[in-house]
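Data block for query.cif (mmCIF, C-alpha atoms):
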```cif
data_protein
loop_
_atom_site.label_atom_id
_atom_site.label_comp_id
_atom_site.auth_asym_id
_atom_site.auth_seq_id
_atom_site.Cartn_x
_atom_site.Cartn_y
_atom_site.Cartn_z
CA MET A 12 -21.36 -159.02 -177.87
CA ALA A 13 -22.58 -160.37 -174.56
CA GLU A 14 -25.14 -158.83 -172.26
CA VAL A 15 -23.73 -158.74 -168.74
CA ALA A 16 -25.86 -156.48 -166.57
CA THR A 17 -28.86 -154.24 -166.32
CA PHE A 18 -28.95 -150.91 -164.53
CA ALA A 19 -31.42 -149.66 -161.96
CA THR A 20 -32.46 -146.03 -162.10
CA SER A 21 -31.11 -145.59 -158.56
CA ASP A 22 -27.55 -145.67 -159.95
CA GLN A 23 -25.61 -142.44 -159.68
CA LEU A 24 -24.65 -141.04 -163.07
CA LEU A 25 -21.69 -138.86 -163.95
CA ILE A 26 -22.80 -136.90 -167.01
CA VAL A 27 -19.72 -135.71 -168.90
CA ILE A 28 -20.68 -133.18 -171.59
CA ASP A 29 -18.10 -132.70 -174.31
CA PRO A 30 -17.51 -129.03 -175.22
CA ALA A 31 -18.04 -129.77 -178.93
CA ALA A 32 -21.53 -131.08 -178.12
CA ARG A 33 -22.39 -127.88 -176.26
CA ARG A 34 -21.30 -125.78 -179.22
CA THR A 35 -22.92 -127.96 -181.87
CA ASP A 36 -26.33 -128.78 -180.40
CA ALA A 37 -27.09 -127.19 -177.04
CA GLU A 38 -30.78 -128.14 -177.29
CA SER A 39 -30.01 -131.89 -177.53
CA VAL A 40 -27.64 -131.53 -174.59
CA ARG A 41 -30.40 -129.93 -172.52
CA ILE A 42 -32.88 -132.66 -173.46
CA ALA A 43 -30.41 -135.39 -172.52
CA LYS A 44 -29.74 -133.79 -169.13
CA ASP A 45 -33.46 -133.43 -168.42
CA VAL A 46 -34.25 -137.07 -169.26
CA LEU A 47 -31.31 -138.44 -167.31
CA SER A 48 -31.92 -136.22 -164.28
CA ALA A 49 -35.55 -137.27 -164.19
CA GLY A 50 -34.61 -140.95 -164.01
CA ALA A 51 -31.51 -141.07 -161.81
CA ALA A 52 -29.28 -139.14 -159.44
CA THR A 53 -26.84 -137.20 -161.59
CA LYS A 54 -23.72 -135.09 -161.39
CA VAL A 55 -22.97 -132.95 -164.44
CA CYS A 56 -19.42 -132.08 -165.50
CA LEU A 57 -18.43 -129.66 -168.26
CA PRO A 58 -14.76 -130.31 -169.09
CA GLU A 59 -13.19 -127.69 -171.34
CA GLY A 60 -10.44 -129.81 -172.84
CA PRO A 61 -8.84 -133.28 -173.04
CA GLU A 62 -6.85 -132.91 -169.80
CA GLU A 63 -9.91 -131.88 -167.79
CA PHE A 64 -11.89 -134.64 -169.49
CA ALA A 65 -9.30 -137.17 -168.29
CA ARG A 66 -9.38 -135.81 -164.71
CA VAL A 67 -13.17 -135.96 -164.57
CA LEU A 68 -13.19 -139.55 -165.76
CA ALA A 69 -10.44 -140.55 -163.33
CA ARG A 70 -12.36 -139.07 -160.39
CA ARG A 71 -15.70 -140.66 -161.23
CA GLY A 72 -15.69 -142.82 -158.09
CA SER A 73 -18.67 -145.19 -158.04
CA ARG A 74 -20.68 -143.08 -160.49
CA ARG A 75 -21.48 -144.53 -163.89
CA PRO A 76 -20.04 -142.27 -166.64
CA VAL A 77 -22.42 -141.06 -169.34
CA LEU A 78 -20.79 -139.31 -172.29
CA VAL A 79 -22.75 -136.61 -174.07
CA GLY A 80 -20.75 -136.04 -177.23
CA ASP A 81 -19.67 -137.44 -180.58
CA ASP A 82 -17.56 -140.39 -181.73
CA ARG A 83 -14.33 -138.70 -180.71
CA ALA A 84 -15.55 -138.30 -177.12
CA LEU A 85 -16.33 -142.02 -176.98
CA MET A 86 -12.96 -142.95 -178.45
CA ARG A 87 -11.19 -140.63 -176.01
CA ALA A 88 -12.94 -142.22 -173.04
CA VAL A 89 -12.21 -145.79 -174.14
CA SER A 90 -8.55 -144.93 -174.81
CA LEU A 91 -8.16 -143.33 -171.39
CA LEU A 92 -9.76 -146.22 -169.53
CA HIS A 93 -7.69 -148.71 -171.54
CA ARG A 94 -4.43 -146.98 -170.67
CA GLN A 95 -5.48 -146.83 -167.03
CA ARG A 96 -6.35 -150.55 -167.25
CA GLU A 97 -9.86 -149.79 -165.99
CA LEU A 98 -11.96 -150.84 -168.97
CA ALA A 99 -12.94 -154.16 -167.43
CA GLY A 100 -14.56 -152.53 -164.41
CA CYS A 101 -16.16 -149.48 -166.02
CA ALA A 102 -19.04 -149.70 -168.47
CA LEU A 103 -19.68 -146.61 -170.56
CA SER A 104 -22.97 -145.04 -171.59
CA MET A 105 -23.44 -142.48 -174.34
CA VAL A 106 -25.88 -139.91 -175.67
CA PRO A 107 -24.59 -139.06 -179.17
CA VAL A 108 -24.53 -135.31 -179.79
CA GLY A 109 -22.30 -133.53 -182.29
CA GLY A 110 -20.97 -133.85 -185.79
CA GLY A 111 -19.50 -137.34 -186.17
CA LEU A 112 -21.95 -140.00 -184.93
CA SER A 113 -21.41 -142.84 -187.42
CA LEU A 114 -19.39 -144.96 -184.99
CA ALA A 115 -21.99 -144.63 -182.22
CA GLY A 116 -24.74 -145.59 -184.64
CA ALA A 117 -22.78 -148.59 -185.93
CA LEU A 118 -22.26 -149.82 -182.38
CA GLY A 119 -26.00 -149.71 -181.74
CA VAL A 120 -26.40 -146.50 -179.73
CA PRO A 121 -29.62 -144.60 -180.62
CA THR A 122 -28.76 -141.31 -182.29
CA GLY A 123 -31.75 -139.39 -180.92
CA ALA A 124 -31.20 -137.61 -177.60
CA VAL A 125 -34.36 -138.93 -175.92
CA ALA A 126 -33.97 -142.53 -177.11
CA ALA A 127 -30.28 -142.58 -176.18
CA ALA A 128 -30.96 -141.16 -172.71
CA ARG A 129 -33.71 -143.74 -172.13
CA ALA A 130 -31.27 -146.48 -173.18
CA VAL A 131 -28.79 -145.18 -170.58
CA LEU A 132 -31.45 -145.58 -167.88
CA ASP A 133 -33.09 -148.81 -169.02
CA GLY A 134 -30.54 -150.55 -171.24
CA VAL A 135 -28.04 -153.34 -170.71
CA VAL A 136 -24.26 -153.42 -170.87
CA ARG A 137 -22.87 -155.41 -173.76
CA ARG A 138 -19.24 -156.44 -173.75
CA MET A 139 -17.49 -155.77 -177.05
CA ASP A 140 -14.21 -156.79 -178.61
CA LEU A 141 -11.45 -154.22 -178.98
CA LEU A 142 -8.47 -153.96 -181.33
CA VAL A 143 -5.31 -152.90 -179.47
CA ASP A 144 -2.12 -152.08 -181.36
CA ASP A 145 1.51 -152.34 -180.31
CA SER A 146 1.59 -148.64 -179.39
CA ASP A 147 -1.39 -149.11 -177.01
CA GLY A 148 -3.82 -147.46 -179.41
CA VAL A 149 -7.36 -148.82 -179.68
CA VAL A 150 -9.91 -149.39 -182.44
CA LEU A 151 -13.58 -149.68 -181.52
CA GLY A 152 -15.29 -150.02 -184.88
CA ALA A 153 -13.07 -150.18 -187.95
CA LEU A 154 -9.46 -149.86 -189.02
CA ARG A 155 -8.79 -148.75 -192.58
CA ILE A 156 -5.49 -148.46 -194.41
CA PRO A 157 -5.89 -146.48 -197.67
CA SER A 158 -3.53 -146.26 -200.61
CA LEU A 159 -0.56 -143.97 -200.30
CA PRO A 160 -1.77 -140.46 -199.45
CA PRO A 161 -2.19 -137.83 -202.13
CA MET A 162 0.82 -135.64 -202.75
CA ARG A 163 0.82 -132.03 -203.83
CA GLU A 164 2.79 -130.75 -206.73
CA ALA A 165 3.68 -127.13 -207.36
CA PRO A 166 1.56 -125.35 -209.99
CA PRO A 167 3.23 -124.48 -213.26
CA VAL A 168 4.72 -121.02 -213.41
CA GLU A 169 2.89 -118.84 -215.89
CA ALA A 170 4.42 -115.91 -217.67
CA THR A 171 2.90 -112.50 -216.89
CA PRO A 172 1.27 -111.14 -220.03
CA VAL A 173 2.36 -107.81 -221.35
CA PRO A 174 -0.51 -105.37 -221.98
CA SER A 175 -0.99 -104.82 -225.62
CA GLY A 176 -0.92 -101.36 -227.09
CA SER A 177 -0.99 -99.73 -230.51
CA ARG A 178 2.76 -99.31 -230.55
CA SER A 179 3.80 -102.60 -228.93
CA ASP A 180 1.55 -104.59 -231.30
CA SER A 181 3.21 -103.10 -234.37
CA GLY A 182 6.18 -104.67 -236.00
CA SER A 183 8.09 -101.37 -236.28
CA GLY A 184 11.43 -100.84 -234.62
CA SER A 185 10.06 -98.10 -232.37
CA GLY A 186 7.24 -100.43 -231.30
CA SER A 187 9.70 -103.20 -230.40
CA ALA A 188 11.82 -100.77 -228.41
CA HIS A 189 8.74 -99.51 -226.56
CA ALA A 190 7.68 -103.11 -225.72
CA SER A 191 11.15 -103.96 -224.46
CA TRP A 192 11.20 -100.82 -222.27
CA LEU A 193 7.73 -101.70 -220.91
CA ARG A 194 8.76 -105.26 -220.03
CA THR A 195 11.84 -103.92 -218.21
CA CYS A 196 9.67 -101.57 -216.13
CA GLN A 197 7.23 -104.36 -215.29
CA SER A 198 10.08 -106.63 -214.19
CA LEU A 199 11.47 -103.87 -211.96
CA VAL A 200 8.06 -103.25 -210.37
CA ARG A 201 7.60 -106.97 -209.65
CA THR A 202 10.91 -107.05 -207.77
CA LEU A 203 9.91 -104.08 -205.60
CA VAL A 204 6.30 -104.95 -204.80
CA PRO A 205 5.70 -107.94 -202.47
CA VAL A 206 3.79 -110.79 -204.01
CA ARG A 207 0.21 -111.03 -202.67
CA PRO A 208 -1.01 -114.54 -201.82
CA SER A 209 -3.42 -115.96 -204.33
CA ARG A 210 -6.96 -116.84 -203.31
CA GLU A 211 -6.85 -119.79 -205.70
CA PRO A 212 -5.62 -123.25 -204.61
CA LEU A 213 -1.84 -123.26 -204.54
CA ALA A 214 -1.42 -126.85 -205.63
CA ARG A 215 -3.07 -129.57 -207.56
CA VAL A 216 -3.58 -132.93 -205.90
CA THR A 217 -2.01 -135.89 -207.60
CA ARG A 218 -2.72 -139.41 -206.35
CA LEU A 219 0.19 -141.79 -206.23
CA GLY A 220 -0.01 -145.44 -207.12
CA PRO A 221 -1.47 -148.22 -205.00
CA ALA A 222 0.07 -149.27 -201.70
CA ARG A 223 2.38 -152.25 -201.41
CA LEU A 224 1.83 -153.85 -198.03
CA ARG A 225 2.40 -157.19 -196.38
CA VAL A 226 -0.67 -158.26 -194.41
CA GLU A 227 -0.33 -161.19 -192.01
CA VAL A 228 -3.19 -162.76 -190.07
CA ASP A 229 -2.12 -164.98 -187.16
CA GLY A 230 1.31 -165.23 -188.76
CA VAL A 231 0.03 -166.33 -192.18
CA THR A 232 0.66 -163.94 -195.09
CA LEU A 233 -2.59 -162.90 -196.76
CA VAL A 234 -0.97 -160.54 -199.26
CA ASP A 235 2.69 -159.66 -199.84
CA LEU A 236 4.62 -156.66 -201.11
CA ASP A 237 4.56 -157.87 -204.72
CA GLN A 238 0.76 -157.48 -204.86
CA PRO A 239 -0.37 -153.83 -204.89
CA VAL A 240 -3.56 -153.19 -202.96
CA GLU A 241 -6.19 -150.47 -202.97
CA GLY A 242 -6.94 -150.79 -199.27
CA VAL A 243 -7.12 -152.93 -196.16
CA SER A 244 -9.88 -152.97 -193.55
CA VAL A 245 -9.89 -154.67 -190.15
CA THR A 246 -12.90 -154.81 -187.83
CA PRO A 247 -13.48 -156.54 -184.51
CA GLY A 248 -15.71 -159.49 -185.31
CA ALA A 249 -17.21 -162.00 -182.90
CA SER A 250 -15.70 -164.36 -180.33
CA GLY A 251 -12.33 -162.65 -180.24
CA LEU A 252 -11.61 -162.69 -183.98
CA ALA A 253 -10.89 -159.79 -186.31
CA GLU A 254 -12.30 -159.73 -189.83
CA VAL A 255 -9.71 -158.69 -192.41
CA VAL A 256 -10.51 -157.65 -195.98
CA VAL A 257 -7.78 -156.79 -198.51
CA ARG A 258 -8.79 -155.23 -201.82
CA PRO A 259 -6.14 -155.97 -204.50
CA VAL A 260 -5.68 -153.61 -207.41
CA SER A 261 -7.86 -154.58 -210.36
CA VAL A 262 -6.09 -155.25 -213.65
CA GLY A 263 -8.62 -155.69 -216.39
CA ALA A 264 -11.36 -157.70 -214.66
CA GLU A 265 -12.25 -156.67 -211.11
CA ALA A 266 -10.13 -158.47 -208.51
CA SER A 267 -11.92 -160.31 -205.74
CA PRO A 268 -11.19 -159.18 -202.18
CA LEU A 269 -9.08 -161.40 -199.96
CA CYS A 270 -10.75 -162.20 -196.63
CA ALA A 271 -9.49 -163.79 -193.42
CA ARG A 272 -10.25 -163.95 -189.70
CA GLY A 273 -7.79 -164.08 -186.84
CA ARG A 274 -6.71 -162.78 -183.46
CA SER A 275 -3.61 -160.90 -184.63
CA VAL A 276 -3.10 -158.71 -187.72
CA THR A 277 0.27 -157.29 -188.76
CA VAL A 278 0.64 -154.79 -191.61
CA SER A 279 4.08 -153.71 -192.87
CA GLY A 280 5.59 -151.98 -195.85
CA ALA A 281 6.57 -148.49 -196.92
CA ASP A 282 5.43 -145.64 -194.66
CA PHE A 283 1.65 -145.79 -194.46
CA ARG A 284 -1.10 -144.02 -192.56
CA TYR A 285 -4.18 -145.67 -191.16
CA ARG A 286 -7.57 -144.55 -189.92
CA ALA A 287 -8.60 -145.98 -186.56
CA ASP A 288 -12.31 -145.14 -186.32
CA ALA A 289 -12.29 -141.34 -186.83
CA VAL A 290 -8.58 -140.71 -186.14
CA VAL A 291 -5.78 -140.83 -188.72
CA ALA A 292 -2.43 -142.08 -187.38
CA GLY A 293 1.03 -142.71 -188.79
CA PRO A 294 3.06 -142.83 -190.86
CA VAL A 295 4.47 -146.16 -189.67
CA ARG A 296 6.30 -149.02 -191.35
CA THR A 297 4.79 -151.81 -189.34
CA ARG A 298 1.94 -152.16 -186.87
CA THR A 299 0.28 -155.11 -185.17
CA TRP A 300 -3.29 -155.20 -183.86
CA VAL A 301 -4.52 -157.85 -181.42
CA VAL A 302 -8.14 -158.56 -180.55
CA ARG A 303 -9.09 -158.24 -176.88
CA GLU A 304 -12.28 -160.23 -176.48
CA GLY A 305 -15.04 -158.51 -174.48
CA ALA A 306 -12.59 -155.81 -173.40
CA TRP A 307 -15.04 -152.96 -173.00
CA GLY A 308 -18.70 -152.45 -172.15
CA LEU A 309 -21.27 -150.10 -173.68
CA THR A 310 -24.86 -149.56 -172.59
CA LEU A 311 -27.30 -150.35 -175.40
CA PRO A 312 -31.08 -150.67 -175.66
CA VAL A 313 -32.67 -153.97 -174.71
CA VAL A 314 -33.28 -155.99 -177.87
CA GLY A 315 -36.73 -157.56 -178.28
#
```

Have the structure of the file written as structure tokens, please.
Amino acid sequence: MAEVATFATSDQLLIVIDPAARRTDAESVRIAKDVLSAGAATKVCLPEGPEEFARVLARRGSRRPVLVGDDRALMRAVSLLHRQRELAGCALSMVPVGGGLSLAGALGVPTGAVAAARAVLDGVVRRMDLLVDDSDGVVLGALRIPSLPPMREAPPVEATPVPSGSRSDSGSGSGSAHASWLRTCQSLVRTLVPVRPSREPLARVTRLGPARLRVEVDGVTLVDLDQPVEGVSVTPGASGLAEVVVRPVSVGAEASPLCARGRSVTVSGADFRYRADAVVAGPVRTRTWVVREGAWGLTLPVVG
């Protein structure tokens, strides 16, 4: 990460408050607005959905956008600016509010409303690497490819017990006839009365075996389809390189992870899903991610 600029408090801020933040923690939203408004000229926008969010960001003009929201709001903003090819000229600021804040924290954004708002006013922009895939999707923090997803199997069918009675429990002929007549009546009733949905889980989760994937880093195969793996992780590293870690399946003794660094990572194999930051995508059979060095800027506190 490289520091490229500092901000003066005379900058005009466009405060974009995500609706999830308003619902989750209205008090932190209010605190963030108060701190930001006290230190700079602000315009507050309250988009109600993704389309309005995109319009607000597109019409920001010369104002510096400040996101008040969670990780998904940050990812949405970076994705929009990337697709509009405006990431290079627009640094983002963020006050984390909401449920998922692990990405913001990992990137160095303070998770307290006051500290984050002060960092917006007094911090510096740091340029960060970005992973961009061949479908124009982006990864800010971490890409993870798990084993094949769990599959659900139908529960076993259980026979309906027949209520016991003095006659049906006896071994006499009349008792057997009575039990047979009772079972016939119960079967008829079950065909006439609609089945009520059970409140219990309808299926048990069964995990399939490990994934078989080919992972190539800068064209060199790190692991091939004949080596089952438990998972693959890719993170933007430093100086335009991605850090790749492949965890092979352990047989007996624990297998050591396979590590590599490169500018391009291609994963292929049977249909697989992957988690890009907080979003699950797929299934796909092949996907390539390329590192864009210093592609986006985020305002962070001054270090030291």

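Contact shell of range 69-76 of chain A at 8 Å (all atoms listed in the file; same-chain neighbours under 3 positions omitted): A:Asp22, A:Gln23, A:Leu24, A:Leu25, A:Ile26, A:Val27, A:Ala65, A:Arg66, A:Cys101, A:Ala102, A:Leu103, A:Ser104.
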
If the PyMOL selection byres ((chain A and resi 61) around 12) is run on the structure shown, which residues does it catch, given as a PyMOL selection string?
chain A and resi 27-31+57-60+62-68+83-84+86-88+90-91

Could you dump the residues just selected with C-alpha atoms as an mmCIF file, in the frame of the given file?
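Saved result, result13.cif, follows:
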```cif
data_model
loop_
_atom_site.group_PDB
_atom_site.id
_atom_site.type_symbol
_atom_site.label_atom_id
_atom_site.label_comp_id
_atom_site.auth_asym_id
_atom_site.auth_seq_id
_atom_site.Cartn_x
_atom_site.Cartn_y
_atom_site.Cartn_z
ATOM 1 C CA VAL A 27 -19.720 -135.710 -168.900
ATOM 2 C CA ILE A 28 -20.680 -133.180 -171.590
ATOM 3 C CA ASP A 29 -18.100 -132.700 -174.310
ATOM 4 C CA PRO A 30 -17.510 -129.030 -175.220
ATOM 5 C CA ALA A 31 -18.040 -129.770 -178.930
ATOM 6 C CA LEU A 57 -18.430 -129.660 -168.260
ATOM 7 C CA PRO A 58 -14.760 -130.310 -169.090
ATOM 8 C CA GLU A 59 -13.190 -127.690 -171.340
ATOM 9 C CA GLY A 60 -10.440 -129.810 -172.840
ATOM 10 C CA GLU A 62 -6.850 -132.910 -169.800
ATOM 11 C CA GLU A 63 -9.910 -131.880 -167.790
ATOM 12 C CA PHE A 64 -11.890 -134.640 -169.490
ATOM 13 C CA ALA A 65 -9.300 -137.170 -168.290
ATOM 14 C CA ARG A 66 -9.380 -135.810 -164.710
ATOM 15 C CA VAL A 67 -13.170 -135.960 -164.570
ATOM 16 C CA LEU A 68 -13.190 -139.550 -165.760
ATOM 17 C CA ARG A 83 -14.330 -138.700 -180.710
ATOM 18 C CA ALA A 84 -15.550 -138.300 -177.120
ATOM 19 C CA MET A 86 -12.960 -142.950 -178.450
ATOM 20 C CA ARG A 87 -11.190 -140.630 -176.010
ATOM 21 C CA ALA A 88 -12.940 -142.220 -173.040
ATOM 22 C CA SER A 90 -8.550 -144.930 -174.810
ATOM 23 C CA LEU A 91 -8.160 -143.330 -171.390
#
```

What is the distance, in Å and to one decimal place, between CA of Val77 in chain A and CA of Ala253 in chain A?
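Here the two named atoms are 27.8 Å from each other.
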
Top pick for closest residue to Ala115 in chain A, considering A:Leu132, A:Leu78, A:Leu85, A:Ala222 and counting only C-alpha atoms
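Ranked by minimum distance to Ala115 in chain A, first place goes to A:Leu85.
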
Go through A:Gly119, A:Gly242, A:Gly152, A:Gly273 one by one, measure the shortest atom-to-atom distance of each to Asp229 in chain A using all atoms listed in the file, and give the residue with the smallest value.
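Looking only at the distances to Asp229 in chain A, the closest residue turns out to be A:Gly273.
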
Taken to one decimal, the CA of Thr299 in chain A-CA of Val231 in chain A distance is 13.2 Å
